[in-house]
Amino acid sequence: MTCAPRRQHGLALVELLTGLAILALLASSAYPVFSGLLARQQVSLAADRLAASLALARATALARRVEVTLQPLPGETTLDRGWQLVVGNAQRGDPERSAVLSVVEPGMPCLWVTLRQTARGTNVLKFLPVGYSRSEQGGFQAATFTLGCRGEQRQVRLGAQGRIRLCTPGRDADCDATDSSGPP
């Protein structure tokens, strides 16, 4: 009777460590691609939420015949951490006649938002009861919001009569890139 040698099942330590090393190399090479994809998705989501907020502000101003303001969150000076829609005249010192309609907090630490508009020096956008965005001086107001995170950018453009358009700088022909690739 010959005894067959026992066959071992499983992996040897050297085989396991080799497999883990290969897996680590693949993961480290895929990280920049995944990080860029995640940043692009986050910027796209934030731009969609901003466009929806602008559409809601305009629709509410028209439907209720009230002034609606898109402004930074309380205690903030920029839109980077989020924004809120306020119905009424909170900007004119009449807090009793104002109410918060919507609050949006994207929750993305790398997100930055710049607002370029015809009325300079403010991160506030106002819709009058007729549905148009107006400046403090009373003229039509067009605005371009540029959102970015880790080199990815997206723009939300608001025309003077309320038309909202989303575009990507560098990819869409009529979408201009900002002067800098990071927050101002």
# chains A, B, ... in the order shown; residues from 1 in each chain; ligands from 1

$ residues_around --residues "segment 28-44 of chain A" --least-positions-apart "2" --cutoff "12 Å" --atoms "only C-alpha atoms" --output "PyMOL selection string"
chain A and resi 21-26+46-51+80+106-113+145-156+166-168

$ select_by_dssp --residues "segment 34-85 of chain A" --states "helix (DSSP H, G or I)" --output "PyMOL selection string"
chain A and resi 34-64

$ select_by_dssp --residues "segment 6-114 of chain A" --states "strand (DSSP E)" --output "VMD selection string"
chain A and resid 68 to 72 83 to 87 99 to 104 112 to 114

$ residues_around --residues "Gly131 of chain A" --least-positions-apart "6" --cutoff "9 Å" --atoms "only C-alpha atoms" --output "PDB file with C-alpha atoms, in the first residue's frame"
ATOM      1  CA  ALA A  57     -36.871  81.025  -5.955  1.00  0.00           C
ATOM      2  CA  ARG A  58     -38.161  82.319  -9.281  1.00  0.00           C
ATOM      3  CA  ALA A  59     -41.290  80.155  -9.234  1.00  0.00           C
ATOM      4  CA  THR A  60     -42.088  81.164  -5.648  1.00  0.00           C
ATOM      5  CA  ALA A  61     -41.596  84.856  -6.430  1.00  0.00           C
ATOM      6  CA  LEU A  62     -43.989  84.564  -9.367  1.00  0.00           C
ATOM      7  CA  ALA A  63     -46.599  82.406  -7.662  1.00  0.00           C
ATOM      8  CA  ARG A  65     -45.979  87.692  -5.688  1.00  0.00           C
ATOM      9  CA  GLU A  67     -39.537  88.950  -3.101  1.00  0.00           C
ATOM     10  CA  GLN A 161     -35.085  87.197 -17.525  1.00  0.00           C
ATOM     11  CA  GLY A 162     -34.656  84.087 -15.364  1.00  0.00           C
TER      12      GLY A 162
END

$ closest_residue --among "A:Val104, A:Ala160, A:Leu70, A:Ala173" --to "Val124 of chain A" --atoms "only C-alpha atoms"
A:Leu70

$ atom_distance --atom1 "atom CA of Trp83 of chain A" --atom2 "atom CA of Leu45 of chain A"
14.5 Å

$ atom_distance --atom1 "atom CA of Arg116 of chain A" --atom2 "atom CA of Val66 of chain A"
24.4 Å

$ atom_distance --atom1 "atom CA of Arg163 of chain A" --atom2 "atom CA of Val68 of chain A"
16.1 Å

$ residues_around --residues "Gln117 of chain A" --least-positions-apart "4" --cutoff "12 Å" --atoms "only C-alpha atoms" --output "list of chain:residue names"
A:Gly121, A:Thr122, A:Asn123, A:Val124, A:Leu125, A:Lys126, A:Ser133, A:Arg134, A:Ser135, A:Glu136, A:Gly139, A:Phe140, A:Gln141, A:Ala142, A:Ala143, A:Thr144, A:Phe145, A:Thr146, A:Val156, A:Arg157, A:Leu158, A:Gly159, A:Ala160

$ closest_residue --among "A:Thr18, A:Thr69, A:Ser53, A:Gln84" --to "Phe127 of chain A" --atoms "only C-alpha atoms"
A:Thr69

$ decode --residues "segment 65-92 of chain A" --atoms "N, CA and C atoms" --output "PDB file, in the first residue's frame"
ATOM      1  N   ARG A  65     -46.133  86.244  -5.513  1.00  0.00           N
ATOM      2  CA  ARG A  65     -45.979  87.692  -5.688  1.00  0.00           C
ATOM      3  C   ARG A  65     -45.222  88.326  -4.518  1.00  0.00           C
ATOM      4  N   VAL A  66     -44.093  87.694  -4.174  1.00  0.00           N
ATOM      5  CA  VAL A  66     -43.242  88.186  -3.090  1.00  0.00           C
ATOM      6  C   VAL A  66     -41.796  88.226  -3.578  1.00  0.00           C
ATOM      7  N   GLU A  67     -40.968  88.904  -2.833  1.00  0.00           N
ATOM      8  CA  GLU A  67     -39.537  88.950  -3.101  1.00  0.00           C
ATOM      9  C   GLU A  67     -38.897  87.705  -2.488  1.00  0.00           C
ATOM     10  N   VAL A  68     -38.041  87.005  -3.244  1.00  0.00           N
ATOM     11  CA  VAL A  68     -37.331  85.826  -2.758  1.00  0.00           C
ATOM     12  C   VAL A  68     -35.841  86.069  -2.951  1.00  0.00           C
ATOM     13  N   THR A  69     -35.074  85.820  -1.887  1.00  0.00           N
ATOM     14  CA  THR A  69     -33.637  86.084  -1.903  1.00  0.00           C
ATOM     15  C   THR A  69     -32.863  84.787  -1.700  1.00  0.00           C
ATOM     16  N   LEU A  70     -31.874  84.555  -2.561  1.00  0.00           N
ATOM     17  CA  LEU A  70     -30.914  83.471  -2.361  1.00  0.00           C
ATOM     18  C   LEU A  70     -29.714  84.111  -1.691  1.00  0.00           C
ATOM     19  N   GLN A  71     -29.338  83.600  -0.520  1.00  0.00           N
ATOM     20  CA  GLN A  71     -28.252  84.209   0.248  1.00  0.00           C
ATOM     21  C   GLN A  71     -27.464  83.136   0.987  1.00  0.00           C
ATOM     22  N   PRO A  72     -26.250  83.494   1.467  1.00  0.00           N
ATOM     23  CA  PRO A  72     -25.462  82.529   2.245  1.00  0.00           C
ATOM     24  C   PRO A  72     -26.193  82.142   3.531  1.00  0.00           C
ATOM     25  N   LEU A  73     -25.787  81.023   4.096  1.00  0.00           N
ATOM     26  CA  LEU A  73     -26.350  80.580   5.367  1.00  0.00           C
ATOM     27  C   LEU A  73     -26.037  81.599   6.461  1.00  0.00           C
ATOM     28  N   PRO A  74     -26.830  81.648   7.520  1.00  0.00           N
ATOM     29  CA  PRO A  74     -26.545  82.595   8.601  1.00  0.00           C
ATOM     30  C   PRO A  74     -25.134  82.401   9.158  1.00  0.00           C
ATOM     31  N   GLY A  75     -24.431  83.504   9.329  1.00  0.00           N
ATOM     32  CA  GLY A  75     -23.062  83.460   9.846  1.00  0.00           C
ATOM     33  C   GLY A  75     -22.007  83.248   8.779  1.00  0.00           C
ATOM     34  N   GLU A  76     -22.393  83.026   7.548  1.00  0.00           N
ATOM     35  CA  GLU A  76     -21.453  82.807   6.445  1.00  0.00           C
ATOM     36  C   GLU A  76     -21.472  84.019   5.514  1.00  0.00           C
ATOM     37  N   THR A  77     -20.356  84.250   4.830  1.00  0.00           N
ATOM     38  CA  THR A  77     -20.302  85.350   3.862  1.00  0.00           C
ATOM     39  C   THR A  77     -20.268  84.846   2.430  1.00  0.00           C
ATOM     40  N   THR A  78     -19.993  83.548   2.254  1.00  0.00           N
ATOM     41  CA  THR A  78     -19.954  82.964   0.915  1.00  0.00           C
ATOM     42  C   THR A  78     -20.968  81.827   0.825  1.00  0.00           C
ATOM     43  N   LEU A  79     -21.132  81.312  -0.371  1.00  0.00           N
ATOM     44  CA  LEU A  79     -22.064  80.212  -0.610  1.00  0.00           C
ATOM     45  C   LEU A  79     -21.385  78.852  -0.518  1.00  0.00           C
ATOM     46  N   ASP A  80     -20.117  78.808  -0.096  1.00  0.00           N
ATOM     47  CA  ASP A  80     -19.354  77.559  -0.069  1.00  0.00           C
ATOM     48  C   ASP A  80     -19.986  76.495   0.824  1.00  0.00           C
ATOM     49  N   ARG A  81     -20.500  76.864   1.969  1.00  0.00           N
ATOM     50  CA  ARG A  81     -21.082  75.911   2.919  1.00  0.00           C
ATOM     51  C   ARG A  81     -22.560  75.644   2.661  1.00  0.00           C
ATOM     52  N   GLY A  82     -23.166  76.477   1.806  1.00  0.00           N
ATOM     53  CA  GLY A  82     -24.568  76.294   1.478  1.00  0.00           C
ATOM     54  C   GLY A  82     -25.270  77.623   1.308  1.00  0.00           C
ATOM     55  N   TRP A  83     -26.573  77.561   1.072  1.00  0.00           N
ATOM     56  CA  TRP A  83     -27.355  78.761   0.842  1.00  0.00           C
ATOM     57  C   TRP A  83     -28.779  78.525   1.326  1.00  0.00           C
ATOM     58  N   GLN A  84     -29.498  79.621   1.424  1.00  0.00           N
ATOM     59  CA  GLN A  84     -30.886  79.531   1.823  1.00  0.00           C
ATOM     60  C   GLN A  84     -31.722  80.470   0.964  1.00  0.00           C
ATOM     61  N   LEU A  85     -32.991  80.114   0.809  1.00  0.00           N
ATOM     62  CA  LEU A  85     -33.950  80.965   0.129  1.00  0.00           C
ATOM     63  C   LEU A  85     -34.823  81.604   1.190  1.00  0.00           C
ATOM     64  N   VAL A  86     -34.907  82.931   1.165  1.00  0.00           N
ATOM     65  CA  VAL A  86     -35.695  83.667   2.146  1.00  0.00           C
ATOM     66  C   VAL A  86     -36.803  84.414   1.405  1.00  0.00           C
ATOM     67  N   VAL A  87     -38.020  84.225   1.878  1.00  0.00           N
ATOM     68  CA  VAL A  87     -39.176  84.899   1.309  1.00  0.00           C
ATOM     69  C   VAL A  87     -39.470  86.122   2.153  1.00  0.00           C
ATOM     70  N   GLY A  88     -39.583  87.272   1.547  1.00  0.00           N
ATOM     71  CA  GLY A  88     -39.906  88.487   2.286  1.00  0.00           C
ATOM     72  C   GLY A  88     -38.786  89.502   2.227  1.00  0.00           C
ATOM     73  N   ASN A  89     -38.781  90.403   3.189  1.00  0.00           N
ATOM     74  CA  ASN A  89     -37.851  91.536   3.180  1.00  0.00           C
ATOM     75  C   ASN A  89     -36.837  91.475   4.310  1.00  0.00           C
ATOM     76  N   ALA A  90     -36.195  90.339   4.533  1.00  0.00           N
ATOM     77  CA  ALA A  90     -35.215  90.220   5.619  1.00  0.00           C
ATOM     78  C   ALA A  90     -34.022  91.144   5.401  1.00  0.00           C
ATOM     79  N   GLN A  91     -33.669  91.415   4.165  1.00  0.00           N
ATOM     80  CA  GLN A  91     -32.521  92.272   3.879  1.00  0.00           C
ATOM     81  C   GLN A  91     -32.801  93.731   4.247  1.00  0.00           C
ATOM     82  N   ARG A  92     -34.057  94.119   4.265  1.00  0.00           N
ATOM     83  CA  ARG A  92     -34.405  95.506   4.560  1.00  0.00           C
ATOM     84  C   ARG A  92     -34.737  95.712   6.030  1.00  0.00           C
TER      85      ARG A  92
END
